[in-house]
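Enquirer: I am attaching a structure below and will ask some questions about it afterwards.
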Amino acid sequence: MLKLHDVTKEFRVGAFGGRRVAAVKGVTFEVVPGEVVSLIGESGSGKSTIGRMILGLNPVTSGSITFDGLPVKPGKEYYRRVQGIFQDPFSSFNPVFKADRVFAMIKETYHASVPAPQWAERVEAALRDVRLNPGQVLGKYPHQLSGGQLQRLLIARALLLDIKLLVADEITSMLDASTRIDVLNLLAELKARGLSVLYITHDLSLGNYLAERTVVLRKGGVVEMGPTGSVFGDPLHPYTRELLSAVPRLHEPWDDAVPVETCLYHRKGGSGGLYEATPGHFVACARLETC
Amino acid sequence: MSLQVSELKVYYRTLKGDVRALDGMTFGLRDGEILGLVGESGCGKSTLGKSLIRMDGRMRHVGGTVVLDGRELPIGDDRAMNEVRFREVSLIPQYAMSALNPTRKLRRMITELLRSRGATPDLEELERRMSQVGLPREVLDRYPIELSGGMKQRMVMVISTLLDPSLLIADEVTSALDVSTQKAVARALLGFRESGYVKSMIFVTHDLALTHHIADTIMVMYAGKLAEKAPADVIVKAPRHPYTKLLLDSLPEVGVRYADRRLEGIAGSPPSLLNPPTGCRFRDRCPIAGEQCAEEPPVAELAPDHHVACWKA
Amino acid sequence: MTTLQEVAPREPAGVRREALYFAVRNGKLMAGFGIVLVLLLLGLLGPVLFGGAPNEYGPKPMTPPSAEHWFGTTTFGQDVFLQFVHGLRSTFAVGVIGGGIAAVIGMVVGFVAGYRGGIVDEILNMLTNVILVIPTLAVLLIINAYLGIRSVAVQGLFIGLTQWPWAARAIRAQTFSLRTREFVDLARMSGAGTGRIIAKEIAPNMSSYLFMTFILLFGGAVLIASSLDFIGLGPTEGVSLGLMLQNANQWSALQLGLWWWFVPPGAAITAIVGALYVANVGLDEVFNPKLRET
């Protein structure tokens, strides 16, 4: 459904855009229908840039992103099927308007012919789908609602369109632990509706909770990807191991990453791209000294 | 006891009335103890941290006392606190980026800072402490902008503990950092205690799992009050307060999958502290709340060092 | 947080109606607009109601305010009140035309440069800076002298064409910071185009700022017009508040104690600009829902 092929993004920086900095380097992966994929990376890994390129908010420098075989073309038709939600709920709403205006905007563009009472019913149904009480959130300004309520409003907004893919960029990182998990559960429920979710996060435990497949990014490139169970259960790349060992766990002490003795990739004599270690589990060259 | 806080009340002045951000907190901190302070946003944990070192203009000390090493801190008096700050109580702010003056090289900035506190800069000691947190001495001749986020955070840590304060307050120091840097910063904090640069520490965070790795004791706050305080392992393995239990249950961990075990959040949201409800403040969200909870539960020591404010615990 | 439920109308036209609801209940806004409206009506209706030529010399020079001459007379026996109402009219005209043109150009350039960024921004920014460093008054002098412009409208036009750059810069900077906010991305993902995003997402966030810009441009236009009037490049046949002030100054009204000559025009200029400023503060409270509650 969504395919990224050798996607690269360069930003121009400095005076007159003289210098170029690559934020994303040759990223290739795929999201199939009804799948939750988590894109994991630390700051500067290019994960948000990838999300924005998929949403057509930033153009691709080279490579291609296709959705159902067609290149990303920002516009009414594309956004009917692909939507995004971002990190800061308070910045996602225009502070001078009421929060429910996000629904009115959708109606204007996509459902102009739906009569008002029927539309109101649909909105309320969508709100109930995201466990919001319509009476508590409609007619309020963004600053009168909590971060969790605002993020749910945005999920409801996406539900009012017939979307196939939701790009969720760090949507829980500004929420409290007690409400964060409920928003994550909602994302997981979208899957039951046949939707795909690209969940972008820096938090490995959240990515692990939700996703079937995991893509680990480092400095703009993919270092490891595969089924979540095998990426987290049997990490092959030293970077993935380091990340995993740094995650604080409740019942286990912090330990140092198990070093990687053999570089799988080089042993097989490949070059460039990713090596398929086990079916579906890809890993980049570990750049060991002995390679 | 290095620090003894009794019945501390700090309110925020707003146009609509007082927000009771801290409403009668009592706890103690032993020499060499690291206290992890956790809770949701708006529970008063940052207010507590700020109250112990510097109240901002909207904060008002309403009641209660703070005694550090046998001496009462004049927390409501900004001027009088100046003597104590940095020497007795020090703070690592959340945003190291804005804590460093961008127009000064670090060496000059640190020298000026120490002079303003009437202390003679000991460069050797400074460099020794920097190397302990993995910062090369060359860093001193750089501008703050040339440092990465983690380096800046560690630099600020070294600076704020240079005068060996008795109490160090670390306010959300790791929340803006990546997991790998977070680990390094957390270990550096532990190292500070080992080396005796700080006697005791309050580590304010929203991340329960991280606190568990650093703190000896964890204090859970809810709506301006103490909910539960116990040794870190006890909080994690045998919590007594329903809020702590629910909070722990809502934490996803590596290995927990939605498909296998569905976690639940805590329904509802914390009460407004403008006019907080009477009785137990967690009552509305509590699954086991009963009639008794209409009365405010006292903080009881259920086991040695295990304090809980709940009728049902 | 207190709720605003009692004032939340559920109709679709809610936003506009609600702004009006708060507008009529805002003292600052009403007072500010009230003063401007009174002066504007005086300028519009005064010349019609009180006939006569404002610059005509009269028989009684230098008389203090009386029943016959409400604001007294000048050294030449001209009726100050008559000059005042005529002057108000042309002052409002030059302010509205000059300030309006400058505001429109400034907004278009500022919004487009700030929102599009990149090469569009660089070109527009260069243009803005070029106009900004041109000595405006000198150019106005040359143009006025060379073309011999003598009407209030053309004077306003020239003022408008030269005064927009700083407004453009300020609006560009504001737009720049707003366009990175995620609600702009969300509007794009709701199928809104550039024009609609600027008009319906970005501009409402700075409505009071835009109004402030207009007020300052309006005041600036009034002041520049009076400077031009002073050196004889204003509308020769007309009269304006600036012209009155300069005349009073020229004929030593202050030294001669003819306070009624310069106080009304000076007070009127101050009152117009000041009242608009107060209204602007009120407008901020109307448009920013967060400020309403406090």
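Here's how to read the names in the structure tokens: chain A, B, ... by the order shown, residue numbers from 1 in each chain, ligand numbers from 1 in the order shown.
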Using only C-alpha atoms, which protein or nucleic acid residues come within 12 Å of Ile198 (chain C)? Drop anything in the same chain fewer than 6 positions from it, and give the result as number ranges by chain.
Expert: C: 107-108, 110-116, 171-172, 174-176, 178-179, 183-184, 187-188, 192, 204-207
Enquirer: Suppose we keep C-alpha atoms; can you now write the selection as a CSV table (one decimal), in the first residue's frame?
Expert:
chain,number,residue,atom,x,y,z
C,107,MET,CA,0.0,42.3,4.4
C,108,VAL,CA,0.2,40.8,0.9
C,110,GLY,CA,4.4,39.9,4.4
C,111,PHE,CA,2.0,37.0,4.2
C,112,VAL,CA,3.3,35.7,0.9
C,113,ALA,CA,6.9,36.1,1.9
C,114,GLY,CA,6.4,34.6,5.3
C,115,TYR,CA,4.3,31.7,4.2
C,116,ARG,CA,6.0,30.7,1.0
C,171,ILE,CA,3.8,40.6,9.3
C,172,ARG,CA,6.4,38.4,7.6
C,174,GLN,CA,4.8,36.7,12.6
C,175,THR,CA,3.7,34.6,9.6
C,176,PHE,CA,7.0,32.8,9.7
C,178,LEU,CA,2.9,30.7,12.8
C,179,ARG,CA,3.3,28.7,9.6
C,183,PHE,CA,-2.5,23.5,12.8
C,184,VAL,CA,-1.3,24.9,9.5
C,187,ALA,CA,-5.4,22.7,7.5
C,188,ARG,CA,-3.3,21.6,4.5
C,192,ALA,CA,-7.1,24.0,2.2
C,204,PRO,CA,-7.1,35.4,12.5
C,205,ASN,CA,-4.2,34.6,14.9
C,206,MET,CA,-2.8,38.0,14.3
C,207,SER,CA,-6.0,40.0,13.8
Enquirer: Can you pull out every residue within 9 Å of region 19-33 of chain B, counting only C-alpha atoms, but drop anything in the same chain fewer than 6 positions away, and send it as a PyMOL selection string?
Expert: chain B and resi 1-13+42-45+47-48+63-64+166+193-194+196+198-202+215-217+223-226+229+272-276+299
Enquirer: Write out as a list of chain:residue names every residue belonging to chain A that has an atom at most 6 Å from any atom of chain C, counting only C-alpha atoms.
Expert: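 Applying the cut-off to the listed atoms yields A:Gly75, A:Lys76, A:Tyr79, A:Ser91, A:Ser92, A:Phe93, A:Asn94, A:Val96, A:Ile106.
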Enquirer: Could you please select, counting only C-alpha atoms, the residues of chain A within 7 Å of chain B and state them as an mmCIF file with N, CA and C atoms, in the first residue's frame?
Expert:
data_model
loop_
_atom_site.group_PDB
_atom_site.id
_atom_site.type_symbol
_atom_site.label_atom_id
_atom_site.label_comp_id
_atom_site.auth_asym_id
_atom_site.auth_seq_id
_atom_site.Cartn_x
_atom_site.Cartn_y
_atom_site.Cartn_z
ATOM 1 N N GLU A 42 16.052 8.239 17.489
ATOM 2 C CA GLU A 42 16.289 9.309 18.443
ATOM 3 C C GLU A 42 16.191 10.634 17.704
ATOM 4 N N SER A 43 16.415 11.742 18.420
ATOM 5 C CA SER A 43 16.315 13.025 17.741
ATOM 6 C C SER A 43 17.401 13.092 16.671
ATOM 7 N N ASP A 176 0.371 12.449 29.676
ATOM 8 C CA ASP A 176 0.730 11.783 30.921
ATOM 9 C C ASP A 176 0.615 10.273 30.777
ATOM 10 N N ALA A 177 1.381 9.583 31.599
ATOM 11 C CA ALA A 177 1.391 8.126 31.525
ATOM 12 C C ALA A 177 -0.018 7.554 31.652
ATOM 13 N N SER A 178 -0.846 8.171 32.494
ATOM 14 C CA SER A 178 -2.156 7.583 32.756
ATOM 15 C C SER A 178 -3.107 7.709 31.569
ATOM 16 N N THR A 179 -2.907 8.667 30.679
ATOM 17 C CA THR A 179 -3.805 8.789 29.522
ATOM 18 C C THR A 179 -3.134 8.319 28.240
ATOM 19 N N ILE A 181 -1.631 5.580 27.473
ATOM 20 C CA ILE A 181 -1.905 4.217 27.042
ATOM 21 C C ILE A 181 -3.273 4.115 26.366
ATOM 22 N N ASP A 182 -4.221 4.951 26.796
ATOM 23 C CA ASP A 182 -5.552 4.908 26.179
ATOM 24 C C ASP A 182 -5.504 5.376 24.726
ATOM 25 N N LEU A 204 10.893 3.213 22.779
ATOM 26 C CA LEU A 204 10.873 1.828 22.312
ATOM 27 C C LEU A 204 9.745 1.022 22.920
ATOM 28 N N SER A 205 9.439 1.316 24.196
ATOM 29 C CA SER A 205 8.420 0.486 24.835
ATOM 30 C C SER A 205 7.049 0.742 24.218
ATOM 31 N N LEU A 206 6.793 1.990 23.798
ATOM 32 C CA LEU A 206 5.509 2.284 23.163
ATOM 33 C C LEU A 206 5.435 1.637 21.788
ATOM 34 N N ASN A 208 6.990 -0.930 20.810
ATOM 35 C CA ASN A 208 6.913 -2.366 21.000
ATOM 36 C C ASN A 208 5.501 -2.808 21.365
ATOM 37 N N TYR A 209 4.820 -1.979 22.161
ATOM 38 C CA TYR A 209 3.474 -2.314 22.623
ATOM 39 C C TYR A 209 2.512 -2.430 21.444
ATOM 40 N N LEU A 210 2.719 -1.548 20.475
ATOM 41 C CA LEU A 210 1.710 -1.343 19.454
ATOM 42 C C LEU A 210 1.963 -2.081 18.146
ATOM 43 N N LEU A 243 20.196 0.867 22.103
ATOM 44 C CA LEU A 243 18.922 1.526 22.412
ATOM 45 C C LEU A 243 18.131 0.709 23.417
ATOM 46 N N ALA A 246 19.348 0.788 26.885
ATOM 47 C CA ALA A 246 19.242 2.080 27.574
ATOM 48 C C ALA A 246 17.834 2.329 28.097
ATOM 49 N N VAL A 247 16.854 1.576 27.582
ATOM 50 C CA VAL A 247 15.484 1.794 28.032
ATOM 51 C C VAL A 247 15.362 1.365 29.490
ATOM 52 N N PRO A 248 14.906 2.266 30.352
ATOM 53 C CA PRO A 248 14.758 1.851 31.749
ATOM 54 C C PRO A 248 13.587 0.868 31.887
ATOM 55 N N ARG A 249 13.814 -0.235 32.579
ATOM 56 C CA ARG A 249 12.736 -1.207 32.791
ATOM 57 C C ARG A 249 12.430 -1.296 34.266
ATOM 58 N N LEU A 250 11.179 -1.567 34.534
ATOM 59 C CA LEU A 250 10.755 -1.569 35.929
ATOM 60 C C LEU A 250 11.379 -2.695 36.731
ATOM 61 N N PRO A 253 17.413 -4.531 36.182
ATOM 62 C CA PRO A 253 18.408 -3.466 36.282
ATOM 63 C C PRO A 253 18.901 -3.071 34.896
#
Enquirer: From region 15-146 of chain A, collect each residue whose DSSP state is strand (DSSP E or B) and return the set as a PyMOL selection string.
Expert: chain A and resi 19-31+36-40+62-67+70-71+82-85
